Structures are given as structure tokens and as C-alpha cells.
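The structure file coords20.txt is reproduced below (compact mmCIF, C-alpha atoms).
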# COMPACT_ATOMS: atom_id res chain seq x y z
CA MET A 1 -151.42 -41.89 -10.95
CA ASN A 2 -150.63 -45.32 -9.53
CA ALA A 3 -152.53 -46.45 -6.47
CA PRO A 4 -150.47 -46.89 -3.30
CA GLY A 5 -148.53 -50.13 -3.51
CA ALA A 6 -149.14 -50.54 -7.26
CA LEU A 7 -146.30 -52.02 -9.33
CA LYS A 8 -144.63 -49.70 -11.81
CA GLY A 9 -143.81 -51.65 -14.96
CA LYS A 10 -142.45 -55.17 -15.16
CA THR A 11 -140.82 -56.58 -12.04
CA ASP A 12 -137.10 -57.35 -12.15
CA THR A 13 -136.47 -60.80 -10.66
CA ALA A 14 -132.77 -60.18 -10.10
CA ALA A 15 -133.48 -56.87 -8.36
CA LEU A 16 -136.02 -58.49 -6.04
CA ILE A 17 -133.60 -61.23 -5.06
CA SER A 18 -130.82 -58.69 -4.55
CA ALA A 19 -133.02 -56.57 -2.28
CA GLY A 20 -133.96 -59.59 -0.20
CA ARG A 21 -130.36 -60.68 0.18
CA ARG A 22 -129.27 -57.18 1.10
CA ALA A 23 -131.90 -57.07 3.85
CA LEU A 24 -130.76 -60.42 5.25
CA GLU A 25 -127.12 -59.36 5.18
CA ILE A 26 -127.90 -56.16 7.08
CA GLU A 27 -129.85 -58.09 9.71
CA GLN A 28 -127.09 -60.68 9.92
CA ARG A 29 -124.57 -57.93 10.68
CA ALA A 30 -126.91 -56.49 13.29
CA LEU A 31 -127.06 -59.84 15.08
CA ALA A 32 -123.30 -60.35 14.87
CA ALA A 33 -122.80 -56.93 16.49
CA LEU A 34 -124.89 -58.04 19.49
CA VAL A 35 -122.52 -60.83 20.52
CA PRO A 36 -119.66 -58.69 21.90
CA ARG A 37 -122.20 -56.48 23.71
CA LEU A 38 -123.44 -59.38 25.84
CA ASP A 39 -121.62 -58.40 29.00
CA ALA A 40 -122.20 -57.96 32.71
CA SER A 41 -125.39 -56.01 32.00
CA PHE A 42 -126.92 -59.06 30.35
CA ALA A 43 -125.93 -61.23 33.31
CA ARG A 44 -127.43 -58.67 35.70
CA ALA A 45 -130.69 -58.61 33.71
CA CYS A 46 -130.83 -62.40 34.08
CA GLU A 47 -130.17 -62.13 37.83
CA VAL A 48 -132.97 -59.56 38.25
CA CYS A 49 -135.39 -61.92 36.49
CA LEU A 50 -134.24 -64.92 38.53
CA GLU A 51 -134.66 -62.94 41.78
CA CYS A 52 -138.17 -61.86 40.76
CA LYS A 53 -140.85 -63.32 43.07
CA GLY A 54 -143.68 -62.23 40.79
CA ARG A 55 -143.87 -61.99 37.01
CA VAL A 56 -141.65 -60.48 34.36
CA ILE A 57 -143.99 -58.03 32.65
CA VAL A 58 -142.89 -57.17 29.11
CA THR A 59 -144.13 -54.00 27.44
CA GLY A 60 -143.62 -51.92 24.32
CA MET A 61 -145.34 -49.95 21.58
CA GLY A 62 -145.70 -50.51 17.85
CA LYS A 63 -143.29 -53.02 16.32
CA SER A 64 -141.39 -53.16 19.62
CA GLY A 65 -144.69 -54.07 21.25
CA HIS A 66 -145.07 -57.06 18.93
CA ILE A 67 -141.56 -58.19 19.90
CA ALA A 68 -142.49 -57.71 23.56
CA GLY A 69 -145.55 -59.93 23.14
CA LYS A 70 -143.48 -62.69 21.58
CA LEU A 71 -140.81 -62.44 24.29
CA ALA A 72 -143.42 -62.62 27.07
CA ALA A 73 -144.81 -65.80 25.48
CA THR A 74 -141.34 -67.32 25.17
CA LEU A 75 -140.47 -66.52 28.78
CA ALA A 76 -143.75 -67.95 30.06
CA SER A 77 -143.30 -71.20 28.15
CA THR A 78 -139.72 -71.70 29.35
CA GLY A 79 -140.14 -71.37 33.09
CA THR A 80 -140.26 -67.61 33.73
CA PRO A 81 -143.76 -66.40 34.75
CA SER A 82 -144.46 -63.55 32.33
CA PHE A 83 -147.13 -61.66 30.44
CA PHE A 84 -147.36 -58.82 27.92
CA MET A 85 -148.77 -55.45 28.91
CA HIS A 86 -149.64 -52.99 26.15
CA ALA A 87 -147.92 -49.72 27.00
CA ALA A 88 -150.82 -47.59 25.75
CA GLU A 89 -153.30 -49.48 27.94
CA ALA A 90 -151.07 -49.18 31.01
CA SER A 91 -151.98 -45.53 31.63
CA HIS A 92 -155.66 -46.42 31.24
CA GLY A 93 -155.83 -48.94 34.07
CA ASP A 94 -153.54 -51.84 33.15
CA ILE A 95 -150.75 -50.33 35.25
CA GLY A 96 -152.67 -51.80 38.18
CA THR A 97 -151.50 -55.26 37.15
CA ILE A 98 -147.95 -54.39 38.24
CA THR A 99 -147.14 -55.49 41.80
CA ARG A 100 -144.13 -54.93 44.06
CA ASP A 101 -142.94 -58.46 43.35
CA ASP A 102 -142.72 -57.96 39.57
CA VAL A 103 -140.05 -56.88 37.12
CA LEU A 104 -140.81 -54.70 34.10
CA LEU A 105 -138.95 -55.26 30.84
CA ALA A 106 -139.57 -52.29 28.53
CA ILE A 107 -138.62 -52.45 24.85
CA SER A 108 -138.13 -49.32 22.75
CA ASN A 109 -135.68 -48.63 19.94
CA SER A 110 -135.52 -44.89 20.65
CA GLY A 111 -135.81 -45.19 24.41
CA GLU A 112 -138.04 -42.13 24.31
CA THR A 113 -141.46 -43.76 23.81
CA GLY A 114 -143.86 -41.56 25.79
CA GLU A 115 -146.14 -44.35 26.93
CA LEU A 116 -143.16 -46.16 28.48
CA LEU A 117 -141.72 -43.08 30.15
CA LEU A 118 -145.08 -42.53 31.89
CA LEU A 119 -144.56 -45.83 33.71
CA ILE A 120 -141.30 -44.79 35.39
CA PRO A 121 -142.79 -42.84 38.37
CA HIS A 122 -145.16 -45.71 39.16
CA LEU A 123 -142.32 -48.23 39.06
CA SER A 124 -140.25 -46.00 41.36
CA ARG A 125 -143.07 -45.78 43.91
CA LEU A 126 -143.45 -49.56 43.99
CA GLY A 127 -139.73 -50.26 43.87
CA VAL A 128 -140.20 -52.43 40.77
CA PRO A 129 -136.94 -53.08 38.87
CA LEU A 130 -136.92 -51.78 35.30
CA ILE A 131 -134.95 -53.54 32.58
CA ALA A 132 -134.79 -51.45 29.41
CA MET A 133 -133.96 -52.83 25.99
CA THR A 134 -133.22 -49.91 23.68
CA GLY A 135 -131.11 -48.84 20.74
CA SER A 136 -130.03 -45.69 22.55
CA PRO A 137 -127.95 -46.07 25.74
CA ALA A 138 -128.24 -42.33 26.45
CA SER A 139 -132.04 -42.30 26.21
CA SER A 140 -134.41 -41.42 29.04
CA LEU A 141 -135.61 -45.01 29.37
CA ALA A 142 -132.08 -46.40 29.46
CA ARG A 143 -130.98 -43.92 32.12
CA ALA A 144 -133.98 -44.68 34.32
CA ALA A 145 -133.49 -48.45 34.15
CA ARG A 146 -131.76 -50.61 36.72
CA VAL A 147 -130.30 -52.58 33.81
CA HIS A 148 -129.97 -51.50 30.19
CA LEU A 149 -129.63 -53.93 27.29
CA ASP A 150 -128.17 -52.30 24.21
CA VAL A 151 -129.75 -53.33 20.88
CA THR A 152 -128.26 -50.53 18.78
CA VAL A 153 -128.04 -51.34 15.06
CA ALA A 154 -125.91 -49.56 12.45
CA GLU A 155 -128.77 -49.41 9.96
CA GLU A 156 -132.22 -50.77 9.27
CA ALA A 157 -132.74 -53.26 6.45
CA CYS A 158 -135.34 -50.84 5.08
CA PRO A 159 -133.65 -48.84 2.24
CA LEU A 160 -135.22 -45.68 3.70
CA ASN A 161 -133.66 -46.56 7.07
CA LEU A 162 -137.06 -45.96 8.61
CA ALA A 163 -139.12 -49.17 9.00
CA PRO A 164 -138.07 -51.17 12.08
CA THR A 165 -136.39 -54.24 10.59
CA ALA A 166 -132.83 -54.91 11.75
CA SER A 167 -133.65 -53.24 15.08
CA THR A 168 -136.63 -55.50 15.79
CA THR A 169 -134.60 -58.54 14.72
CA ALA A 170 -131.95 -57.55 17.25
CA MET A 171 -134.60 -57.12 19.95
CA LEU A 172 -136.09 -60.51 19.15
CA ALA A 173 -132.71 -62.25 19.21
CA LEU A 174 -131.60 -60.62 22.46
CA GLY A 175 -134.94 -61.48 24.03
CA ASP A 176 -134.47 -65.10 23.01
CA ALA A 177 -130.97 -65.05 24.46
CA LEU A 178 -132.40 -63.80 27.76
CA ALA A 179 -135.08 -66.51 27.79
CA VAL A 180 -132.58 -69.26 26.99
CA ALA A 181 -130.12 -68.10 29.66
CA LEU A 182 -132.95 -68.08 32.23
CA LEU A 183 -134.12 -71.51 31.06
CA GLU A 184 -130.66 -72.97 31.62
CA ALA A 185 -130.21 -71.22 34.96
CA ARG A 186 -133.51 -72.68 36.20
CA GLY A 187 -132.61 -76.20 35.06
CA PHE A 188 -135.73 -76.26 32.89
CA THR A 189 -136.25 -79.76 31.44
CA PRO A 190 -138.04 -81.12 28.34
CA GLN A 191 -140.72 -82.45 30.68
CA ASP A 192 -141.22 -78.95 32.14
CA PHE A 193 -141.57 -77.61 28.60
CA ALA A 194 -144.11 -80.29 27.72
CA ARG A 195 -146.24 -79.44 30.76
CA SER A 196 -146.63 -75.88 29.46
CA HIS A 197 -147.49 -77.16 25.94
CA PRO A 198 -149.95 -80.01 26.62
CA GLY A 199 -152.11 -79.27 23.59
CA GLY A 200 -149.38 -78.95 20.99
CA THR A 201 -147.34 -81.36 18.95
CA LEU A 202 -144.29 -80.74 21.13
CA GLY A 203 -146.27 -81.58 24.22
CA ARG A 204 -147.57 -84.79 22.72
CA LYS A 205 -144.08 -85.84 21.72
CA LEU A 206 -142.68 -85.15 25.15
CA LEU A 207 -145.54 -86.36 27.34
CA LEU A 208 -146.89 -89.44 25.57
CA HIS A 209 -145.46 -92.80 26.55
CA VAL A 210 -145.66 -96.11 24.74
CA SER A 211 -148.36 -97.17 27.22
CA ASP A 212 -150.53 -94.32 25.91
CA VAL A 213 -150.46 -95.50 22.28
CA MET A 214 -150.11 -99.29 22.46
CA ARG A 215 -152.83 -101.83 21.85
CA ALA A 216 -153.43 -104.60 24.38
CA GLY A 217 -155.51 -107.68 25.20
CA GLU A 218 -157.56 -109.12 22.36
CA GLN A 219 -156.05 -106.65 19.90
CA LEU A 220 -152.65 -108.33 20.04
CA PRO A 221 -151.55 -110.69 17.21
CA VAL A 222 -150.21 -113.58 19.29
CA VAL A 223 -149.28 -117.13 18.24
CA SER A 224 -147.37 -119.97 19.85
CA PRO A 225 -143.98 -121.09 18.53
CA SER A 226 -145.51 -124.39 17.38
CA ALA A 227 -148.27 -122.69 15.37
CA LEU A 228 -148.11 -123.14 11.61
CA LEU A 229 -147.02 -120.30 9.38
CA SER A 230 -150.50 -120.27 7.85
CA GLU A 231 -151.98 -119.60 11.31
CA GLY A 232 -149.50 -116.79 11.86
CA LEU A 233 -150.46 -115.17 8.55
CA VAL A 234 -154.14 -115.32 9.44
CA MET A 235 -153.47 -113.79 12.85
CA MET A 236 -151.27 -111.02 11.40
CA SER A 237 -153.92 -110.17 8.83
CA ARG A 238 -156.79 -110.25 11.34
CA LYS A 239 -155.18 -107.91 13.88
CA GLY A 240 -153.83 -105.43 11.32
CA LEU A 241 -150.65 -104.44 13.14
CA GLY A 242 -148.23 -105.65 10.49
CA ILE A 243 -146.53 -108.10 12.87
CA CYS A 244 -147.22 -111.31 14.70
CA VAL A 245 -145.67 -111.90 18.13
CA VAL A 246 -144.52 -115.40 19.01
CA VAL A 247 -145.23 -116.06 22.68
CA ASP A 248 -144.67 -119.04 24.96
CA GLN A 249 -146.41 -119.00 28.35
CA GLY A 250 -146.84 -115.24 28.07
CA ARG A 251 -143.18 -114.57 27.37
CA MET A 252 -142.16 -113.09 24.03
CA LEU A 253 -139.83 -115.34 22.04
CA GLY A 254 -139.72 -113.42 18.75
CA VAL A 255 -141.62 -111.53 16.08
CA PHE A 256 -142.79 -112.29 12.57
CA THR A 257 -143.00 -109.42 10.07
CA ASP A 258 -143.54 -108.81 6.37
CA GLY A 259 -139.77 -109.09 5.96
CA ASP A 260 -139.76 -112.52 7.58
CA LEU A 261 -142.59 -113.61 5.27
CA ARG A 262 -140.63 -112.54 2.18
CA ARG A 263 -137.59 -114.46 3.38
CA ALA A 264 -139.70 -117.55 4.11
CA LEU A 265 -141.23 -117.44 0.63
CA ASP A 266 -137.79 -116.95 -0.93
CA HIS A 267 -136.79 -120.22 0.75
CA GLN A 268 -140.01 -121.85 -0.52
CA ALA A 269 -141.33 -122.51 2.97
CA ASP A 270 -144.55 -124.53 3.08
CA VAL A 271 -147.07 -122.38 4.94
CA HIS A 272 -148.97 -125.53 6.03
CA ARG A 273 -145.93 -127.33 7.48
CA THR A 274 -143.49 -124.64 8.61
CA THR A 275 -143.84 -123.54 12.25
CA MET A 276 -143.56 -119.98 13.49
CA ARG A 277 -140.46 -120.92 15.50
CA GLU A 278 -138.68 -121.65 12.22
CA VAL A 279 -139.43 -118.32 10.55
CA MET A 280 -139.62 -115.83 13.41
CA THR A 281 -136.93 -113.27 14.20
CA SER A 282 -135.63 -113.94 17.69
CA PRO A 283 -135.53 -112.15 20.02
CA GLY A 284 -136.76 -109.24 17.86
CA LYS A 285 -137.01 -105.57 18.71
CA SER A 286 -139.26 -104.59 21.60
CA VAL A 287 -139.82 -101.65 23.95
CA ARG A 288 -141.06 -100.99 27.46
CA ALA A 289 -144.37 -99.31 28.25
CA GLY A 290 -142.66 -96.46 30.12
CA MET A 291 -140.57 -95.38 27.13
CA LEU A 292 -141.49 -92.05 25.52
CA ALA A 293 -143.49 -92.62 22.35
CA ALA A 294 -141.13 -90.24 20.54
CA GLU A 295 -138.15 -92.43 21.50
CA ALA A 296 -139.97 -95.50 20.22
CA ALA A 297 -140.67 -93.67 16.96
CA HIS A 298 -136.96 -92.90 16.61
CA LEU A 299 -136.14 -96.58 17.19
CA MET A 300 -138.58 -97.58 14.46
CA GLU A 301 -137.09 -95.10 12.01
CA LYS A 302 -133.54 -96.19 12.84
CA HIS A 303 -134.25 -99.88 12.24
CA ARG A 304 -136.80 -99.30 9.45
CA ILE A 305 -139.58 -101.20 11.14
CA THR A 306 -143.26 -100.31 11.23
CA ALA A 307 -144.46 -102.03 14.42
CA LEU A 308 -143.13 -102.97 17.84
CA PRO A 309 -144.22 -105.29 20.64
CA VAL A 310 -144.21 -104.02 24.22
CA ILE A 311 -142.90 -106.20 27.04
CA ASP A 312 -142.51 -105.87 30.79
CA ASP A 313 -139.34 -106.37 32.82
CA ALA A 314 -139.89 -110.14 32.86
CA GLY A 315 -140.17 -110.30 29.08
CA ALA A 316 -143.92 -110.87 29.05
CA LEU A 317 -145.89 -109.38 26.17
CA ILE A 318 -148.21 -106.61 27.34
CA GLY A 319 -148.90 -104.63 24.16
CA ALA A 320 -147.96 -103.65 20.62
CA PHE A 321 -148.31 -100.65 18.30
CA ASN A 322 -147.44 -99.52 14.79
CA VAL A 323 -146.74 -96.29 12.94
CA HIS A 324 -150.46 -95.65 12.42
CA ASP A 325 -150.97 -95.60 16.19
CA LEU A 326 -148.17 -93.02 16.47
CA LEU A 327 -149.70 -90.94 13.69
CA ARG A 328 -153.12 -90.97 15.34
CA ALA A 329 -151.52 -89.84 18.62
CA GLY A 330 -149.74 -86.96 16.85
CA VAL A 331 -146.26 -88.26 17.68
CA LEU A 332 -145.26 -88.45 14.00
Please rewrite the model in this file as C-alpha cells.
Amino acid sequence: MNAPGALKGKTDTAALISAGRRALEIEQRALAALVPRLDASFARACEVCLECKGRVIVTGMGKSGHIAGKLAATLASTGTPSFFMHAAEASHGDIGTITRDDVLLAISNSGETGELLLLIPHLSRLGVPLIAMTGSPASSLARAARVHLDVTVAEEACPLNLAPTASTTAMLALGDALAVALLEARGFTPQDFARSHPGGTLGRKLLLHVSDVMRAGEQLPVVSPSALLSEGLVMMSRKGLGICVVVDQGRMLGVFTDGDLRRALDHQADVHRTTMREVMTSPGKSVRAGMLAAEAAHLMEKHRITALPVIDDAGALIGAFNVHDLLRAGVL
């Protein structure tokens, strides 16, 4: 007798691919069916959340509970104060976390999950609005809710039509739609998003400015326009930024890069007689210190350059950075 989960005979590659595609097609149809069901009830659910003075508490059991946890995290990170409450723990003390200022969003495919139904009397006593997301509009949970969001699916992707698959996908998608609608209604900005993700890559990209990654002072490869090309090469090599900035009385006149060096050598320039003014690119690309580091990275990619000088409003050189500085900062 084969152990549970053991393979019976040789696997059929075509059959595996076919099964996977069939599952995706079923879930795709489930999502498509949601679109026409986004009606006044969805708008009302959004309004209830926007009117909430406390938190949107999201709860569920089993697979629906996992979806609830993800939705609570998405809401919290996009401007709607929210947290996940495990439905089974609610009747063992966690129900005390619900206040009169909150909203409860309960997720259940059947709408008959016992642990969720136990919450209804407590919500009624407190006057807490209940938003139910179920696959059964006639269910007990749906009927008790102030707003019901219908996530009915025609079939699960599971060939036994038992394992929550298309239904949980529909819940996840509708939850995301709710979060996005609330985000837009609140006027949530990229900067707001970054403030709730300070430790992640997204936060670094959205919060870091050029001033946070640039080098300054003695680290800058600076030469005068009358300096010889040989001096510029020494300076560029010594500072390790990949560029040399040509400056006159503090003001940037141009830049000298590896590309400029190749062009100078192609024209057989004498490194001991040619001045930097003759071989520099003027005025050259530059950025301001207040620019987002991610924007500067995009500029570098667009123009295929690896380093940039930083100037102030008067054109004075105040810093410089290269792709390695962006990599170290986690911007790239």
C-alpha cells in the first residue's frame, strides 16, 4: 500500500501541466465573475471603513483566516488601521480587543463558521458594524452583517471541489480591491507608504534622497579646468567614483568620465599637454541633493551612466555618488 502522498507510477508531464492550467483557468473565471458584483454594497463597505474611528479588525478561520491575516496587513500598510484577530481565540479572551469605535470584517466561505457566529451578539451589544465576506448571501453571517460582500465561486480549482482554492483567491482579490479603494479615497501617497515600510526595500527607495547616499568633501574627485588630463586621471583613480568633476571657483563646469577618456585617446590626446577643459563633457548630467535616490537611479539607467555629481541651486558642487553607493543603500 502506498504511503499518503506517494506517487503511483511514472509522472505524466503533460497531465501535470494540464492540471495546473485548468486550476488557473478556474480561478481566472472566479475573479472575472467578481467584477460585475462590485456594486453599492462594495461602496458601502468602503464607507463603513472610512467612517471607522478605531481599527478595522479582520477575522476568519482556516484558509479564510490566512486570507484575513493578509488583508489586515495590507490594510494596515496602506493607511487603514487594522489587525488580524483569530476567530477561535476571540471567544477565549481576544474578543476584548474589540471596541465601540472598531469595525469587524469577517471572512467565511460558508458564512456558517461557528466561531464567527459567536461574535455577533457581542458586536450587537457594542454597536460595532459587521462587514461579512462570504460565498453564501443567504448565510447566517451574511444576514447578520451591515454589509455583505459576495465572493461566491462556481467551482473550486480542486478537482474534488473541496479544498478552498478559487474561493480563497476570490476573497484575496476582493480584499485587495477594498484596500486599494480605501487607499485612493484617503489620498494615500508613496511617502505615506514608505513611512509604514521603513525597513524594507520599498521604504528605502521611497525615503532615501541623494543627500543620504552621496559622498562629499575630501571624497570628491575635483580638478580645475586648466588641470592636465594626466592630473584628472590620477584624481579619478584615487577617488574611485568613476568620474572627475571639473570645477571653477566651486561651480561645476563639466564632468570627465571613462567615455570621455576613450574619446580623448581615440583622438590621440597627449595626457601631459591636454587640459581638462578640452576633454570634459559640459555641462554634464547632475542632480540636486533633495532628489529621491530612486529617481537618480532611473536617470542613470536612462542615460547609461554610472556616476553623478550633485550641485546646489547656484551650480556649486556639493557631492557625488555612483551605482555602488546606490547598491550599498539598497536603492538598486
**OP:** Would you mind telling me which residue in A:Asp212, A:Asp270, A:Asp313, A:Glu231 lies nearest to Gly330 in chain A when using only C-alpha atoms?
**Re:** A:Asp212
Subject >> Near-range 244-250 of chain A list (8 Å; only C-alpha atoms; drop same-chain fewer than 5 positions) as a PyMOL selection string >> reply: chain A and resi 221-225+232-233+235-236+255-257+276-277+280+309+316-317
**OP:** Name the residues in contact with range 164-179 of chain A at a cut-off of 8 Å, using all atoms listed in the file, excluding same-chain residues fewer than 2 positions from it; report them as a PyMOL selection string.
**Re:** chain A and resi 26-27+30-31+34+42+46+63-64+67+71+74-75+78+80+107+109+133+135+151-153+155-158+162+181-183
Original post:
Taking into account only C-alpha atoms, which residue in the set A:Val147, A:Ile243, A:Ile17, A:Ala297 is nearest to Thr281 in chain A?
Top reply: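 Using only C-alpha atoms, the shortest distance to Thr281 in chain A belongs to A:Ile243.
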**OP:** May I have the residues within 12 Å of His267 in chain A as a list in words, using all atoms listed in the file and disregarding those fewer than 6 positions away in the same chain?
**Re:**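 The filter keeps Asp260, Leu261, Thr274, Glu278 and Val279 of chain A.
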Original post:
By how many Å are CA of Leu123 in chain A and CA of Ser136 in chain A apart?
Top reply: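 CA of Ser136 in chain A lies 20.7 Å from CA of Leu123 in chain A.
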Subject >> Gap from CA of Leu253 in chain A to CA of Gln268 in chain A - Å, one decimal >> reply: 23.5 Å
Original post:
Taking all atoms listed in the file into account, which of A:Met252, A:Leu50, A:Ala88, A:Leu130 comes nearest Glu115 in chain A?
Top reply: A:Ala88
**OP:** In the coordinates of the file, take the point (-140.6, -59.4, 28.7) and a cut-off of 6 Å; then, counting all atoms listed in the file, name each qualifying protein, DNA or RNA residue as a PyMOL selection string.
**Re:** chain A and resi 56-58+68+71-72+105
For Ala307 in chain A: contacts at 10 Å, all atoms listed in the file, fewer than 4 positions along chain excluded, given as a short mmCIF file (atom, residue, chain, number, x, y, z; two decimals) with C-alpha atoms, keeping the file's coordinate frame:
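Final file, result_34.cif:
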data_model
loop_
_atom_site.label_atom_id
_atom_site.label_comp_id
_atom_site.auth_asym_id
_atom_site.auth_seq_id
_atom_site.Cartn_x
_atom_site.Cartn_y
_atom_site.Cartn_z
CA LEU A 241 -150.65 -104.44 13.14
CA GLY A 242 -148.23 -105.65 10.49
CA ILE A 243 -146.53 -108.10 12.87
CA CYS A 244 -147.22 -111.31 14.70
CA THR A 257 -143.00 -109.42 10.07
CA LYS A 285 -137.01 -105.57 18.71
CA SER A 286 -139.26 -104.59 21.60
CA ALA A 296 -139.97 -95.50 20.22
CA ALA A 297 -140.67 -93.67 16.96
CA MET A 300 -138.58 -97.58 14.46
CA ALA A 320 -147.96 -103.65 20.62
CA PHE A 321 -148.31 -100.65 18.30
CA ASN A 322 -147.44 -99.52 14.79
CA VAL A 323 -146.74 -96.29 12.94
CA HIS A 324 -150.46 -95.65 12.42
CA ASP A 325 -150.97 -95.60 16.19
CA LEU A 326 -148.17 -93.02 16.47
#
Original post:
Any idea what the distance is between CA of Asp101 in chain A and CA of Ile131 in chain A?
Top reply: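 So the two atoms, CA of Asp101 in chain A and CA of Ile131 in chain A, lie 14.3 Å apart.
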**OP:** Could you please give me, as a ChimeraX atom specification, the residues of protein, DNA or RNA lying at most 6 Å from (-136.6, -39.5, 24.1) in the coordinate frame of the file, considering only C-alpha atoms?
**Re:** /A:111-112,139-140
Subject >> Nearest to Ala294 in chain A, chosen from A:Thr59, A:Met85, A:Arg186, A:His209, with only C-alpha atoms counted in the distances >> reply: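 Using only C-alpha atoms, Ala294 in chain A sits closest to A:His209.
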